[in-house]
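J.: My structure is in coords32.txt, and what it holds is compact mmCIF, C-alpha atoms:
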```
# COMPACT_ATOMS: atom_id res chain seq x y z
CA MET N 935 95.73 78.70 155.38
CA ASN N 936 93.79 79.08 158.67
CA ASN N 937 91.04 81.61 159.33
CA GLN N 938 93.33 83.97 161.24
CA ALA N 939 95.84 84.05 158.40
CA ASN N 940 93.00 84.56 155.87
CA ASN N 941 91.71 87.45 157.95
CA GLU N 942 95.18 89.03 158.07
CA ILE N 943 95.48 88.73 154.28
CA PHE N 944 92.06 90.34 153.85
CA GLN N 945 92.93 93.22 156.19
CA LYS N 946 96.29 93.78 154.47
CA THR N 947 94.66 93.77 151.04
CA ALA N 948 91.95 96.20 152.20
CA HIS N 949 94.64 98.50 153.63
CA LEU N 950 96.62 98.36 150.38
CA PHE N 951 93.50 99.15 148.36
CA ARG N 952 92.86 102.30 150.36
CA ALA N 953 96.53 103.35 150.44
CA TYR N 954 97.71 102.28 146.98
CA SER N 955 94.82 102.01 144.51
CA GLY N 956 94.70 105.78 143.92
CA LYS N 957 98.43 105.84 143.26
CA MET N 958 98.05 103.08 140.67
CA VAL N 959 95.15 104.87 138.98
CA ALA N 960 97.18 108.08 138.78
CA ILE N 961 100.41 106.55 137.46
CA LEU N 962 98.61 104.37 134.88
CA THR N 963 96.56 107.37 133.74
CA ARG N 964 99.85 109.22 133.31
CA TYR N 965 101.16 106.58 130.89
CA TYR N 966 97.98 105.41 129.17
CA GLY N 967 95.96 108.63 129.18
CA VAL N 968 92.62 109.71 130.67
CA GLY N 969 90.87 108.00 127.75
CA GLN N 970 91.74 104.68 129.41
CA LEU N 971 90.44 105.67 132.83
CA GLU N 972 87.51 103.24 132.70
CA ASN N 973 89.80 100.35 131.82
CA ILE N 974 92.33 101.44 134.44
CA MET N 975 89.70 101.45 137.19
CA ASP N 976 88.50 98.00 136.09
CA ALA N 977 92.08 96.66 135.98
CA VAL N 978 92.81 97.96 139.49
CA GLN N 979 89.65 96.34 140.86
CA GLU N 980 90.42 93.02 139.15
CA SER N 981 94.00 93.05 140.47
CA PHE N 982 92.89 93.38 144.07
CA GLU N 983 90.38 90.58 143.59
CA ALA N 984 93.17 88.46 142.13
CA ALA N 985 95.44 89.40 145.05
CA LEU N 986 92.90 88.13 147.58
CA LYS N 987 92.66 84.76 145.83
CA HIS N 988 96.38 84.39 145.11
CA TRP N 989 97.75 85.59 148.46
CA ARG N 990 95.43 83.34 150.46
CA TYR N 991 97.22 80.31 149.01
CA LYS N 992 100.71 81.68 148.33
CA GLY N 993 101.03 84.23 151.12
CA LEU N 994 101.99 87.89 150.73
CA PRO N 995 104.73 88.58 148.17
CA ASP N 996 107.90 90.39 149.28
CA ALA N 997 106.76 93.58 147.53
CA PRO N 998 102.93 93.56 147.40
CA GLU N 999 102.74 97.07 145.87
CA ALA N 1000 104.99 96.06 142.97
CA TRP N 1001 102.98 92.83 142.51
CA LEU N 1002 99.76 94.81 142.35
CA LEU N 1003 101.11 97.39 139.91
CA LYS N 1004 102.52 94.73 137.57
CA THR N 1005 99.30 92.71 137.70
CA THR N 1006 97.19 95.80 137.06
CA LYS N 1007 99.35 96.80 134.10
CA ASN N 1008 99.02 93.32 132.58
CA LYS N 1009 95.25 93.29 133.07
CA LEU N 1010 95.02 96.78 131.56
CA ILE N 1011 96.98 95.65 128.50
CA ASN N 1012 94.59 92.73 128.06
CA LEU N 1013 91.61 95.06 128.30
CA ILE N 1014 93.10 97.42 125.70
CA LYS N 1015 93.88 94.51 123.37
CA ARG N 1016 90.29 93.29 123.56
CA GLU N 1017 89.05 96.82 122.96
CA ASN N 1018 91.33 97.20 119.92
CA ILE N 1019 90.06 93.95 118.42
CA ALA N 1020 86.39 94.56 119.20
CA ASN N 1021 86.32 98.11 117.84
CA ASN N 1022 89.06 97.89 115.20
CA LEU N 1023 91.19 100.43 117.08
CA ASN N 1024 94.92 100.93 117.44
CA ILE N 1025 95.31 102.18 121.01
CA PRO N 1026 99.01 102.14 122.07
CA ILE N 1027 99.76 99.32 124.52
CA HIS N 1028 103.39 99.93 125.67
CA GLU N 1029 103.58 96.21 126.39
CA GLY N 1030 107.36 96.03 126.63
CA TYR N 1031 107.74 99.19 128.71
CA ASP N 1032 109.78 98.76 131.89
CA PHE N 1033 107.10 100.00 134.26
CA SER N 1034 108.80 100.94 137.52
CA PRO N 1035 107.81 104.51 138.44
CA ASP N 1036 109.62 106.21 141.28
CA GLU N 1037 107.91 107.92 144.21
CA LYS N 1038 108.24 111.38 142.62
CA GLN N 1039 106.41 110.24 139.49
CA ILE N 1040 103.65 108.69 141.58
CA VAL N 1041 103.22 111.87 143.65
CA ASP N 1042 103.27 114.07 140.55
CA SER N 1043 100.73 111.85 138.82
CA GLN N 1044 98.32 112.01 141.77
CA LEU N 1045 98.64 115.79 141.97
CA GLN N 1046 98.11 116.25 138.25
CA LEU N 1047 94.99 114.09 138.22
CA LEU N 1048 93.70 115.89 141.31
CA LEU N 1049 94.32 119.30 139.75
CA ARG N 1050 92.70 118.17 136.53
CA ILE N 1051 89.56 117.17 138.42
CA CYS N 1052 89.51 120.57 140.12
CA GLU N 1053 89.79 122.34 136.76
CA LEU N 1054 86.63 120.74 135.37
CA LYS N 1055 83.55 122.94 135.28
CA LEU N 1056 81.63 120.75 137.70
CA PRO N 1057 79.80 121.17 141.01
CA LEU N 1058 82.08 120.88 144.03
CA LYS N 1059 80.26 117.74 145.13
CA SER N 1060 81.12 116.03 141.83
CA GLN N 1061 84.76 117.00 142.23
CA ILE N 1062 84.85 115.57 145.75
CA ILE N 1063 83.11 112.36 144.66
CA PHE N 1064 85.49 111.78 141.75
CA THR N 1065 88.54 112.54 143.87
CA LEU N 1066 87.42 109.95 146.41
CA TYR N 1067 86.65 107.45 143.66
CA THR N 1068 89.87 107.73 141.65
CA LEU N 1069 92.52 108.80 144.16
CA SER N 1070 91.28 107.67 147.56
CA GLY N 1071 90.17 104.08 147.08
CA PHE N 1072 86.54 104.85 148.00
CA GLY N 1073 84.00 102.56 146.35
CA VAL N 1074 80.53 103.72 145.33
CA PRO N 1075 78.84 102.41 148.53
CA GLU N 1076 81.49 104.16 150.69
CA ILE N 1077 80.98 107.42 148.80
CA GLY N 1078 77.22 107.13 149.17
CA ASN N 1079 77.61 106.56 152.91
CA ALA N 1080 80.17 109.35 153.35
CA LEU N 1081 78.26 111.97 151.36
CA LEU N 1082 74.73 110.85 152.30
CA MET N 1083 73.49 109.93 148.85
CA THR N 1084 72.23 106.84 147.04
CA ASN N 1085 74.63 104.60 145.14
CA GLU N 1086 72.85 105.48 141.90
CA ALA N 1087 73.31 109.20 142.50
CA ALA N 1088 77.03 108.67 143.22
CA LYS N 1089 77.37 106.61 140.02
CA LYS N 1090 75.76 109.39 137.97
CA HIS N 1091 78.24 111.95 139.36
CA ILE N 1092 81.14 109.61 138.55
CA PHE N 1093 79.88 108.85 135.03
CA ARG N 1094 79.42 112.54 134.13
CA THR N 1095 82.82 113.49 135.52
CA LYS N 1096 84.53 110.60 133.74
CA GLN N 1097 82.97 111.59 130.43
CA LEU N 1098 84.02 115.20 130.82
CA LEU N 1099 87.54 114.29 131.88
CA GLN N 1100 88.01 111.89 128.96
CA SER N 1101 86.88 114.49 126.45
CA THR N 1102 89.63 116.92 127.49
CA LYS N 1103 93.24 116.97 126.40
CA PHE N 1104 95.77 116.71 129.18
CA ASN N 1105 99.49 116.05 129.16
CA PHE N 1106 101.01 114.42 132.25
CA ASP N 1107 104.60 115.17 131.23
CA GLU N 1108 105.03 118.15 133.53
CA LEU N 1109 103.22 120.07 136.23
CA PRO N 1110 103.66 123.72 135.18
CA GLU N 1111 103.61 126.31 137.96
CA LYS N 1112 101.16 128.40 135.97
CA TYR N 1113 98.74 125.48 135.70
CA LEU N 1114 99.04 124.78 139.42
CA ASN N 1115 98.37 128.41 140.37
CA THR N 1116 95.27 128.49 138.18
CA ASN N 1117 93.59 125.60 140.01
CA LEU N 1118 95.06 125.90 143.51
CA ASN N 1119 92.19 127.86 145.08
CA GLN N 1120 89.66 125.33 143.83
CA LEU N 1121 91.80 122.48 145.15
CA HIS N 1122 92.00 124.12 148.59
CA LEU N 1123 88.20 124.39 148.63
CA VAL N 1124 87.66 120.76 147.56
CA LEU N 1125 89.94 119.48 150.34
CA TYR N 1126 88.39 121.85 152.91
CA LEU N 1127 84.86 120.69 152.06
CA MET N 1128 85.96 117.04 151.95
CA PHE N 1129 87.27 117.33 155.51
CA ASN N 1130 84.12 119.14 156.65
CA GLU N 1131 81.90 116.44 155.14
CA GLY N 1132 83.64 113.92 157.38
CA TYR N 1133 83.90 116.18 160.42
CA LYS N 1134 80.15 116.65 160.85
CA THR N 1135 77.75 114.53 158.83
CA THR N 1136 74.20 115.62 159.58
CA ARG N 1137 72.38 112.45 158.51
CA ALA N 1138 74.85 109.61 159.03
CA LYS N 1139 74.45 107.35 162.05
CA GLU N 1140 78.06 107.79 163.20
CA GLY N 1141 78.23 111.60 162.92
CA LEU N 1142 81.95 111.45 162.12
CA ASN N 1143 83.57 109.92 159.05
CA ILE N 1144 87.21 109.81 160.11
CA ASP N 1145 88.35 108.09 156.89
CA LEU N 1146 87.05 111.04 154.89
CA CYS N 1147 88.83 113.53 157.16
CA TYR N 1148 92.14 111.71 157.03
CA GLU N 1149 91.93 111.33 153.26
CA ALA N 1150 91.53 115.11 152.93
CA MET N 1151 94.59 115.50 155.18
CA ARG N 1152 96.58 112.99 153.11
CA LEU N 1153 95.84 114.83 149.88
CA ALA N 1154 96.69 118.18 151.49
CA LYS N 1155 100.05 116.78 152.65
CA LEU N 1156 100.59 115.44 149.15
CA LEU N 1157 100.10 118.95 147.80
CA LEU N 1158 102.50 120.27 150.43
CA GLN N 1159 105.26 118.06 148.99
CA LEU N 1160 105.02 120.11 145.81
CA ARG N 1161 104.73 123.48 147.57
CA PRO N 1162 106.26 123.15 151.06
CA ASN N 1163 106.32 126.91 151.64
CA ASP N 1164 102.76 127.60 150.53
CA THR N 1165 101.19 129.43 153.46
CA THR N 1166 97.57 128.67 152.52
CA ILE N 1167 98.16 124.91 152.31
CA ASN N 1168 99.88 125.06 155.70
CA ALA N 1169 96.94 127.00 157.15
CA LEU N 1170 94.48 124.44 155.78
CA LEU N 1171 96.52 121.59 157.25
CA ALA N 1172 96.75 123.38 160.60
CA LEU N 1173 92.96 123.68 160.69
CA MET N 1174 92.58 119.98 159.87
CA PHE N 1175 95.08 118.88 162.52
CA PHE N 1176 93.49 121.00 165.26
CA ASN N 1177 90.05 119.57 164.47
CA ALA N 1178 91.35 116.01 164.14
CA ALA N 1179 92.97 116.33 167.57
CA ARG N 1180 89.50 116.44 169.15
CA PHE N 1181 88.01 113.38 167.40
CA SER N 1182 88.21 111.13 170.47
CA ALA N 1183 86.43 113.63 172.70
CA ARG N 1184 83.60 114.72 170.37
CA ILE N 1185 81.48 111.58 170.55
CA SER N 1186 80.63 109.53 173.64
CA THR N 1187 80.90 105.76 173.92
CA GLU N 1188 77.08 105.73 173.67
CA ASN N 1189 77.38 107.57 170.31
CA PHE N 1190 76.12 111.06 171.00
CA TRP N 1191 77.78 114.43 170.49
CA ILE N 1192 79.69 115.97 173.38
CA SER N 1193 79.72 119.76 173.28
CA LEU N 1194 83.01 121.64 173.38
CA GLU N 1195 82.18 122.83 176.89
CA GLN N 1196 81.78 119.27 178.20
CA GLN N 1197 84.59 117.53 176.30
CA ASP N 1198 87.31 115.76 178.28
CA ARG N 1199 90.36 117.69 177.10
CA SER N 1200 92.70 114.97 178.30
CA LEU N 1201 91.41 112.97 175.33
CA TRP N 1202 92.58 115.61 172.85
CA ASP N 1203 95.61 114.36 170.92
CA PRO N 1204 98.66 116.50 171.87
CA ALA N 1205 100.71 115.20 168.93
CA LEU N 1206 98.10 116.38 166.44
CA ILE N 1207 97.84 119.73 168.23
CA ARG N 1208 101.62 120.14 167.96
CA GLU N 1209 101.43 119.27 164.27
CA GLY N 1210 98.70 121.88 163.87
CA MET N 1211 100.84 124.51 165.62
CA TYR N 1212 103.77 123.64 163.36
CA HIS N 1213 101.73 124.22 160.20
CA LEU N 1214 100.09 127.32 161.68
CA HIS N 1215 103.55 128.77 162.33
CA LEU N 1216 104.55 128.08 158.72
CA SER N 1217 101.38 129.76 157.48
CA LYS N 1218 102.02 133.05 159.25
CA ASN N 1219 104.53 134.29 156.68
CA SER N 1220 101.65 135.04 154.33
CA GLN N 1221 101.15 138.57 153.09
CA GLN N 1222 97.44 137.90 152.68
CA LEU N 1223 95.45 135.82 155.15
CA SER N 1224 92.77 133.46 153.90
CA LYS N 1225 89.72 132.12 155.72
CA TYR N 1226 91.77 128.97 156.36
CA HIS N 1227 94.33 131.02 158.32
CA LEU N 1228 91.64 132.68 160.42
CA GLU N 1229 89.71 129.47 161.07
CA ALA N 1230 92.95 127.70 162.01
CA ILE N 1231 93.75 130.44 164.53
CA ILE N 1232 90.26 130.06 166.04
CA ALA N 1233 90.78 126.29 166.29
CA SER N 1234 94.19 126.85 167.90
CA ILE N 1235 92.62 129.10 170.56
CA HIS N 1236 90.26 126.29 171.52
CA CYS N 1237 93.07 123.71 171.53
CA CYS N 1238 95.37 125.86 173.66
CA ALA N 1239 92.80 126.90 176.28
CA ALA N 1240 93.42 125.08 179.57
CA ASN N 1241 89.68 124.65 180.00
CA PHE N 1242 86.47 125.96 178.48
CA LYS N 1243 86.26 128.99 180.79
CA ALA N 1244 89.77 130.03 179.75
CA THR N 1245 88.72 130.37 176.10
CA ASP N 1246 89.56 133.80 174.66
CA TRP N 1247 86.11 134.55 173.22
CA GLN N 1248 86.95 138.19 172.55
CA LYS N 1249 89.71 137.17 170.17
CA ILE N 1250 87.49 134.54 168.54
CA ILE N 1251 84.77 137.15 167.91
CA TYR N 1252 87.36 139.44 166.32
CA LEU N 1253 88.54 136.62 164.04
CA TYR N 1254 84.96 135.83 162.96
CA GLU N 1255 84.55 139.50 162.08
CA GLN N 1256 87.74 139.34 159.98
CA ILE N 1257 86.40 136.28 158.13
CA GLU N 1258 83.20 138.21 157.49
CA ILE N 1259 85.19 141.10 156.01
CA LEU N 1260 87.22 138.70 153.88
CA GLU N 1261 84.49 136.33 152.70
CA GLY N 1262 81.30 138.33 153.13
CA PRO N 1263 78.43 137.51 155.51
CA SER N 1264 77.05 133.98 155.75
CA THR N 1265 74.42 132.34 157.94
CA ILE N 1266 76.75 129.83 159.61
CA LEU N 1267 79.41 132.48 160.22
CA SER N 1268 76.82 134.79 161.83
CA LEU N 1269 75.56 131.93 163.99
CA ASN N 1270 79.08 131.10 165.15
CA LYS N 1271 79.73 134.74 166.02
CA ILE N 1272 76.48 135.00 168.00
CA ILE N 1273 77.37 131.85 169.96
CA ALA N 1274 80.81 133.28 170.74
CA LEU N 1275 79.22 136.58 171.86
CA SER N 1276 76.82 134.65 174.10
CA TYR N 1277 79.73 133.27 176.12
CA LEU N 1278 80.92 136.82 176.78
CA SER N 1279 77.57 138.42 177.48
CA PRO N 1280 74.30 136.58 176.80
CA SER N 1281 71.45 138.98 176.08
CA LYS N 1282 67.97 139.33 174.61
CA ASP N 1283 69.55 141.44 171.88
CA LEU N 1284 71.40 138.36 170.64
CA LEU N 1285 68.09 136.48 170.55
CA GLU N 1286 66.69 139.29 168.40
CA GLN N 1287 69.69 139.02 166.09
CA LEU N 1288 69.02 135.29 165.75
CA HIS N 1289 65.36 135.93 165.02
CA THR N 1290 66.22 138.46 162.30
CA LEU N 1291 68.85 136.20 160.79
CA GLY N 1292 66.42 133.28 160.74
CA LYS N 1293 63.91 135.17 158.57
CA THR N 1294 66.28 135.15 155.58
CA SER N 1295 68.07 131.87 156.17
CA ASN N 1296 67.98 128.68 154.12
CA PRO N 1297 65.57 126.04 155.53
CA GLU N 1298 68.47 123.60 155.83
CA HIS N 1299 69.89 125.81 158.59
CA GLN N 1300 66.80 125.57 160.80
CA LEU N 1301 68.34 122.91 163.03
CA PHE N 1302 71.27 125.20 163.85
CA PHE N 1303 68.97 128.16 164.51
CA TYR N 1304 66.85 126.25 167.00
CA LEU N 1305 69.95 124.92 168.74
CA ALA N 1306 71.41 128.44 168.95
CA LYS N 1307 68.12 129.83 170.31
CA ALA N 1308 67.89 127.04 172.87
CA HIS N 1309 71.50 127.68 173.93
CA LEU N 1310 70.92 131.42 174.39
CA ASN N 1311 67.66 130.94 176.29
CA SER N 1312 69.39 128.47 178.56
CA LEU N 1313 72.18 130.95 179.34
CA LEU N 1314 69.49 133.54 180.14
CA HIS N 1315 67.80 130.99 182.48
CA ARG N 1316 64.72 130.95 180.25
CA TYR N 1317 64.45 127.19 180.57
CA SER N 1318 60.92 126.74 179.28
CA ALA N 1319 61.76 128.67 176.08
CA ALA N 1320 65.02 126.72 175.78
CA GLU N 1321 63.21 123.38 176.05
CA ASN N 1322 60.69 124.46 173.40
CA CYS N 1323 63.54 125.38 171.05
CA TYR N 1324 65.26 122.05 171.63
CA ARG N 1325 62.00 120.26 170.81
CA GLU N 1326 61.74 122.29 167.58
CA ALA N 1327 65.33 121.30 166.82
CA LEU N 1328 64.47 117.66 167.44
CA GLY N 1329 61.91 117.87 164.65
CA CYS N 1330 64.61 119.13 162.26
CA ALA N 1331 67.26 116.55 163.19
CA HIS N 1332 67.84 113.61 160.85
CA SER N 1333 70.62 111.54 162.36
CA PRO N 1334 70.32 109.44 165.55
CA ILE N 1335 73.46 111.09 166.94
CA ASP N 1336 71.94 114.59 166.56
CA LYS N 1337 68.63 113.47 168.05
CA GLN N 1338 70.32 111.91 171.07
CA PHE N 1339 72.38 115.06 171.64
CA ILE N 1340 69.18 117.14 171.67
CA LEU N 1341 67.37 114.71 173.99
CA ASN N 1342 70.30 114.95 176.39
CA LYS N 1343 70.05 118.73 176.27
CA ILE N 1344 66.33 118.56 177.07
CA THR N 1345 67.14 116.40 180.09
CA ASP N 1346 69.81 118.89 181.21
CA ILE N 1347 67.33 121.77 180.84
CA SER N 1348 64.77 119.94 182.94
CA VAL N 1349 67.34 119.39 185.71
CA SER N 1350 68.45 123.07 185.59
CA SER N 1351 64.83 124.24 185.72
CA LYS N 1352 64.05 122.09 188.79
CA THR N 1353 67.24 123.24 190.51
CA MET N 1354 66.32 126.88 189.93
CA ARG N 1355 62.77 126.40 191.28
CA SER N 1356 64.07 124.66 194.39
```
Turn the structure described in the file into structure tokens.
T.:
Amino acid sequence: MNNQANNEIFQKTAHLFRAYSGKMVAILTRYYGVGQLENIMDAVQESFEAALKHWRYKGLPDAPEAWLLKTTKNKLINLIKRENIANNLNIPIHEGYDFSPDEKQIVDSQLQLLLRICELKLPLKSQIIFTLYTLSGFGVPEIGNALLMTNEAAKKHIFRTKQLLQSTKFNFDELPEKYLNTNLNQLHLVLYLMFNEGYKTTRAKEGLNIDLCYEAMRLAKLLLQLRPNDTTINALLALMFFNAARFSARISTENFWISLEQQDRSLWDPALIREGMYHLHLSKNSQQLSKYHLEAIIASIHCCAANFKATDWQKIIYLYEQIEILEGPSTILSLNKIIALSYLSPSKDLLEQLHTLGKTSNPEHQLFFYLAKAHLNSLLHRYSAAENCYREALGCAHSPIDKQFILNKITDISVSSKTMRS
């Protein structure tokens, strides 16, 4: 087989791993139990390695997914047999079982494993890591890169979660409505944070991790299959679609952030915006709005504005205030509201509000405070103060993409200052 054909096989196998490995983990866990999760993960990995070797010589089979599932099941059986012999155990093997799950079983199995992860008394980060590891085809290096942590730290999260999951009793036979309702809010939060991790990574070189964002969207759509009329899930999906629509315009070809004001709106994806509007419409039947509803409406206002000047900042400010009532005050929410207010009427009072807010804020928010102060000073034509704030922000920035964005802002400030003096 020539190099081009080998490359095509590799790309196809990599695509299948991302799209299908989580499904295999879920369906095999359904039949063999969470106690076999370690063996299942090993069997899945070995099957894809075998696929690469086998398909390079034989070509792709007619049904690669079925080939992978059968191979994984056989490898899992061999692993269980060896474990039985080595430890004098009698773990059921189901060797003769006609293993041909339908799509509904696969979807149900993924949802049940996802909900089970969300039920565990673990930090949100651990839940996100384990979801990516088991259901999303993310390897340890990918997780470390996506969530800005070492491979060893990611492995520790996975090990602890796996131990806790295996020590619990869980029946995959059904997905009771009561069980779903109990864990739904936590699941919403995991998917929301997963998307946000990809949407703005503060230390990664690329700034955006689109794979992470689209995986959060895939899992949300999976959940929607079970509850198509759930208004909160629709609101969460609307928010994701509106934000995903702007991916192409957020980062320049030279890899630096482009502010909302300067983005080329012709690059925004109209199909994704329409999809967002569709889910937003479905979410409006809710008797009780969540923060996902309100954030989705804010995102829709940006997406529907003909240009930056046409943005309805008054409505956005009102929506931020409603989120504050619903969720309570937070530093980032207050910062966003102050920025929105600055576009209506920049003032020294807003600078004072920022100063007061900064006294009680977490140190990890310093970058955002300096950027907000620089922005406000710039709007007030206080260019020297703005440049000083940008230089303070530069000292807090970690990623090259953030640093380049700030350097560009310093250049812009210098040009504005010279123009004003002339």
J.: Counting all atoms listed in the file, which of N:Leu1291, N:Val1041, N:Leu1194, N:Ala984 gets nearest to Gln1159 of chain N?
T.: N:Val1041
J.: Counting only C-alpha atoms, I want the residues whose atoms come within 9 Å of (109.1, 127.3, 153.9) in the file frame, returned as JSON, numbers by chain.
T.: {"N": [1161, 1162, 1163, 1164, 1165, 1216, 1217, 1219]}
J.: Since we have the selection now, will you write its residues out, keeping C-alpha atoms, as a CSV table (one decimal), keeping the file's coordinate frame?
T.:
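Full text of out_28.csv as output:
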```csv
chain,number,residue,atom,x,y,z
N,1161,ARG,CA,104.7,123.5,147.6
N,1162,PRO,CA,106.3,123.2,151.1
N,1163,ASN,CA,106.3,126.9,151.6
N,1164,ASP,CA,102.8,127.6,150.5
N,1165,THR,CA,101.2,129.4,153.5
N,1216,LEU,CA,104.6,128.1,158.7
N,1217,SER,CA,101.4,129.8,157.5
N,1219,ASN,CA,104.5,134.3,156.7
```
J.: Give me the residues near Gln1100 of chain N as a list in words, where near means some atom within 9 Å (using all atoms listed in the file) and where sequence neighbours in that chain fewer than 6 positions away do not count.
T.: Gly967, Val968, Gly969, Gln970 and Leu971 of chain N
J.: For Arg1094 of chain N, which residue out of N:Pro998, N:Gly1210, N:Pro1263, N:Pro1057 is the nearest one, using all atoms listed in the file?
T.: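 Of N:Pro998, N:Gly1210, N:Pro1263, N:Pro1057, the one nearest Arg1094 of chain N, counting all atoms listed in the file, is N:Pro1057.
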J.: Quick one: pull the distance between atom CA of Lys957 of chain N and atom CA of Thr1068 of chain N, Å, one decimal.
T.: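 So the two atoms, atom CA of Lys957 of chain N and atom CA of Thr1068 of chain N, lie 8.9 Å apart.
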J.: As an exercise, work out the distance from atom CA of Asp1203 of chain N to atom CA of Ala1179 of chain N in Å and give it to one decimal place.
T.: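 Separating atom CA of Asp1203 of chain N from atom CA of Ala1179 of chain N is a distance of 4.7 Å.
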